[in-house]
Amino acid sequence: MAGFETYQEYHRIEDCDEDSPPGEEDLLIHVPEGRGDPWHHIKNLDNFFTRIYHFHQKNGFACMVLSEFFELVQFLFVVTFTTFLFNCVEYDVLFANRVVNHTGQSFGPLDRNKVTLPDAILPSEQCTERIQGNSWIIFLLIMAAIFWVYRLVKVICNVLSYWEIRQFYIKALKIQMDELCNCTWQEVQGRLILLQREHPMCVQKRELSELDIYHRILRFKNYTVAMINKSLLPVRLRVPFFGDMIFVTQGLKYNFELILFWGPLSLFQNKWSLHPKYKRAANRQELAKQLSHVILLTGLVNLLLCPFVLVWQVLYAFFSYAEVIKREPGSLGARRWSLYGRLYLRHFNELDHELQGRMGRGYKPAAKYMNSFISPMLSVLAKNVAFFSGSVFAVLIALTVYDEDVLTVQHILTAITVLGVVITITRSFIPDEHMVWCPEQLLQCVLAHIHYMPDHWKGNANKSETRDEMAQLFQYKAVFILEELLSPIITPFILIFPLRSKSLEIIDFFRNFTVDVAGVGDICSFAQMDIRRHGNPQWMSEGQTEASVYQQAENGKTELSLMHFTIKNPHWQPPQESSVFISHLKEKVHHDAQTGPSPQLLLSEAPLCTSLLSNESATGPDNLLASVLAHPVLTASGLPGRNRRFISPSSAASAAASVLASLSSSQQPHAGRSHSHTLLPSRQQQDDLMYCSDHTVGDSMYASDTKMLSQSHSALVSEFASAEMSLHAIYMHEVHQQKTQNASGLFQAPVPMRDMSTNSGPVTQSAQTVTLVSPVSGRLGGWAEEEEEERGDEEEINTNPVPDQTSRGSS
């Protein structure tokens, strides 16, 4: 992935002044007398804004209280049910190995067929005696009871906190609980900004910006994303016989956060301020030793608690996945975005629901790409194993249908179950006979949604090495479960050995990449998305950045994060350096659009264009992105070297630029915003149509207008924002590839691509314009966040279809 060598020297980054006007640090705001609202001049805004965000994402007070209640009940059930199974069940009677009937007298061997479930359950007195006679069980029950009481107290405090946030929504934000599900986070955030002007929640600043709120909610997550981006955290392990492996689990992530952010011995003295001693370089060696001792202590505590955590992990995994595996054995072969993938692919200042939505859109293209790699030998073996297993399975089912007494034969149900599991697993290794081999196009579709991809993947999508690295981001669910089960064993050793050796680098990282922003506190400097201080010249910030190699974010994360945040928050006013970068990008987009195919050509010749005429088609933004991705020019840069002569290396970037320029040309400045950095359609434009252009595009999209206009404004603008960001990600990656290739002398100067339509004359800008007119507002739809849940991803995900365009023989 984004490998980053060990730091040799860090350079002090001066604090940012854009959000800290001179003299505002000592600003005193008058507090009106008689106002006793508990949310007036809040001390811990990090915790307050985070609770507001979670309250919105988890759908309000009732849902959150119910979830907390069932967590308590779930823990109590696991403990009591496990104790019951170990001490109160007579398994010899249950398995009919011993003819014992607790409910009556046994008269003969035929009574073995009449054993009921209550016969295998011991009386309560005998069960109690067994538990009391086992000191180990008593110790575990005491530990579980203490933890449950702790959780109960915490739940009570949480419920009181939820009630306070509920009152804040109703009284301060004027949002009723029955309206919360229909209210997007962007709307809630807008009301928070307005409330700050009327009744200040923050003392240090008169007004809050969208970036201030994001910084407070994502303060620690931005640090974690930056450390993953700079390869500072030891998540890559070298395992004998397996090579390099990525290992990130919930337990390991929890320990990282405990050590660095919010533990009693962490680097932060409170939720918003790094301890002053870590900001000075004089005693860095001493601080590194202290941090090393803290890491060692945490590792030893993990080692001590390993047996208890391991037992809990095994029990929880068994109760959670046993029924699913029996019902759907193929679910273990499903994939999910790994924890490392979520950190590696996450933008700076990207909230959970934004990341979840982006990963959801990229799930199906990623699954199709991974499933396109099939081993021919394994496929042959799977077909034959499925044949033999299926034959035996069919005979047993036929015998059972003929005479149900067959089920009374010992282990016959076990055999049927095992054969069914074997058949399901082997079928997952048999490729679809209708599958078409197009790895480059599939990987391009994945990139459109995940936004990050190592440079060496380009043109190597058909290589097993690329597939293996993609598997680190998009892992099997079975691998995820196995990693979580092994986490209590492996985590202590990662803390004691690899992490301790990086203590000095961690101290230097927090000193060099922490800035103090008035009204916000200490934040990661990367989270400011400052092109001048953290830009990479290879990612369109050449001449605009002063960052050294050690200060640059890897893989264009600063530039892509800035574009993502600007598009998702259209009313945010970027600082001067960021505005210059965005303007430069827009100018280059319009310049490259002159040499690219017209939007009419992209839509009319793309295989998906006809889907726009159907009533069953997807939304306009999805169709627009899908049509661009389906066009052959976007896969040209990934073709083998012998085929690259058919198309210029700049055509992929030009195609994306053409659509982006068309969107931009439809944007009209409107009141309420002095600068328009986003390319989304404006609310003040016409309210009649979604698209209005020439006959080629306008007529084809008119059929879908009714369906699109029936959607909510917020959901539709969210889809437009996602599509626009996807096109920007494709364009910026293509430009980065061109810059890299030109620097290495792989290509000659790009040749402008002509419009392949019947008109051979020059294409004017007006002919390339697709005017987008929308009644939507610049707000995002909310996404419900489940911690690491992928069930929704595996079912129905609204994502761009990937057409089968090239066959294996022609790719």
# chains A, B, ... in the order shown; residues from 1 in each chain; ligands from 1

$ closest_atom_pairs --of "stretch 199-252 of chain A" --to "stretch 491-513 of chain A" --cutoff "12 Å" --atoms "only C-alpha atoms" --output "tab-separated table"
residue	atom	partner	partner_atom	distance
A:Phe220	CA	A:Phe510	CA	11.5
A:Asn222	CA	A:Phe513	CA	11.2
A:Tyr223	CA	A:Phe510	CA	8.6
A:Thr224	CA	A:Phe510	CA	11.1
A:Ala226	CA	A:Phe513	CA	9.4
A:Met227	CA	A:Phe509	CA	8.3
A:Ile228	CA	A:Ile506	CA	11.9
A:Lys230	CA	A:Phe509	CA	9.7
A:Ser231	CA	A:Glu505	CA	10.9
A:Leu232	CA	A:Ile506	CA	7.4
A:Leu233	CA	A:Leu499	CA	7.1
A:Pro234	CA	A:Leu499	CA	6.1
A:Val235	CA	A:Ile494	CA	8.5
A:Arg236	CA	A:Pro498	CA	9.8
A:Leu237	CA	A:Ile494	CA	9.0
A:Arg238	CA	A:Pro498	CA	11.2
A:Phe247	CA	A:Thr491	CA	9.3
A:Val248	CA	A:Thr491	CA	9.2
A:Thr249	CA	A:Thr491	CA	8.6
A:Gln250	CA	A:Thr491	CA	10.1
A:Gly251	CA	A:Thr491	CA	7.2
A:Leu252	CA	A:Thr491	CA	5.7

$ select_by_dssp --residues "stretch 367-519 of chain A" --states "strand (DSSP E or B)" --output "list in words"
Phe474, Gln475, Tyr476, Thr514, Val515, Asp516 and Val517 of chain A

$ residues_around --residues "A:Val79" --least-positions-apart "2" --cutoff "12 Å" --atoms "only C-alpha atoms" --output "MDAnalysis selection string"
chainID A and resid 72:77 81:86 137:138 140:145 147:148 311:312 315:316 319

$ residues_around --residues "A:Tyr731" --least-positions-apart "5" --cutoff "9 Å" --atoms "only C-alpha atoms" --output "list of chain:residue names"
A:Val589, A:Ala652, A:Ala653, A:Ser654, A:Ala655, A:Ala656, A:Ala657, A:Ser726, A:His736

$ write_last_selection --atoms "C-alpha atoms" --output "tab-separated table (two decimals), in the first residue's frame"
chain	number	residue	atom	x	y	z
A	589	VAL	CA	-10.78	20.39	-15.95
A	652	ALA	CA	-9.36	8.83	-19.76
A	653	ALA	CA	-8.77	12.10	-17.90
A	654	SER	CA	-10.30	14.05	-20.79
A	655	ALA	CA	-13.47	11.97	-20.70
A	656	ALA	CA	-13.97	12.58	-16.99
A	657	ALA	CA	-13.08	16.25	-17.44
A	726	SER	CA	-16.28	9.90	-8.12
A	736	HIS	CA	-1.44	11.86	-11.46

$ atom_distance --atom1 "atom CA of A:Met540" --atom2 "atom CA of A:Arg346"
20.1 Å

$ residues_around --residues "A:Thr417" --least-positions-apart "3" --cutoff "12 Å" --atoms "only C-alpha atoms" --output "number ranges by chain"
A: 325-329, 389-390, 392-393, 396-397, 411-414, 420-424

$ write_last_selection --atoms "C-alpha atoms" --output "CSV table (one decimal), in the first residue's frame"
chain,number,residue,atom,x,y,z
A,325,ILE,CA,-23.5,-20.3,9.0
A,326,LYS,CA,-25.9,-23.2,9.3
A,327,ARG,CA,-28.6,-21.3,7.4
A,328,GLU,CA,-26.3,-19.7,4.8
A,329,PRO,CA,-22.9,-21.5,4.7
A,389,SER,CA,-21.4,-34.6,-2.5
A,390,GLY,CA,-24.5,-33.7,-4.3
A,392,VAL,CA,-24.9,-38.6,-1.8
A,393,PHE,CA,-27.0,-35.7,-0.6
A,396,LEU,CA,-30.2,-39.3,1.5
A,397,ILE,CA,-33.0,-36.7,0.8
A,411,HIS,CA,-25.7,-39.3,12.4
A,412,ILE,CA,-28.0,-39.1,9.3
A,413,LEU,CA,-29.0,-35.5,10.0
A,414,THR,CA,-25.3,-34.7,10.6
A,420,GLY,CA,-25.2,-29.3,2.3
A,421,VAL,CA,-22.4,-27.1,3.7
A,422,VAL,CA,-19.8,-28.8,1.4
A,423,ILE,CA,-22.0,-28.3,-1.6
A,424,THR,CA,-22.6,-24.6,-0.8

$ atom_distance --atom1 "atom CA of A:Glu554" --atom2 "atom CA of A:Tyr53"
29.1 Å

$ atom_distance --atom1 "atom CA of A:Asn229" --atom2 "atom CA of A:Tyr344"
6.5 Å

$ closest_residue --among "A:Asp46, A:Glu404, A:Asp522, A:Glu542" --to "A:Pro276" --atoms "only C-alpha atoms"
A:Asp522

$ closest_residue --among "A:Asn349, A:Thr514, A:Gln594, A:Thr184" --to "A:Thr558" --atoms "only C-alpha atoms"
A:Asn349

$ closest_residue --among "A:Arg336, A:His728, A:Lys463, A:Lys588" --to "A:Gly360" --atoms "only C-alpha atoms"
A:Arg336

$ closest_residue --among "A:Leu447, A:Leu485, A:Glu210, A:Glu71" --to "A:Leu152" --atoms "only C-alpha atoms"
A:Glu71

$ residues_around --residues "A:Leu192" --least-positions-apart "2" --cutoff "12 Å" --atoms "only C-alpha atoms" --output "JSON, numbers by chain"
{"A": [39, 45, 48, 49, 52, 53, 168, 169, 172, 173, 174, 175, 185, 186, 187, 188, 189, 190, 194, 195, 196, 197, 198, 199, 200, 201, 202, 207, 208, 209, 210, 212, 213]}

$ closest_residue --among "A:Leu160, A:Cys127, A:Ala334, A:Ile259" --to "A:Gly299" --atoms "only C-alpha atoms"
A:Ile259

$ closest_residue --among "A:Gln313, A:Thr466, A:Val78, A:Val203" --to "A:Ile42" --atoms "only C-alpha atoms"
A:Val203
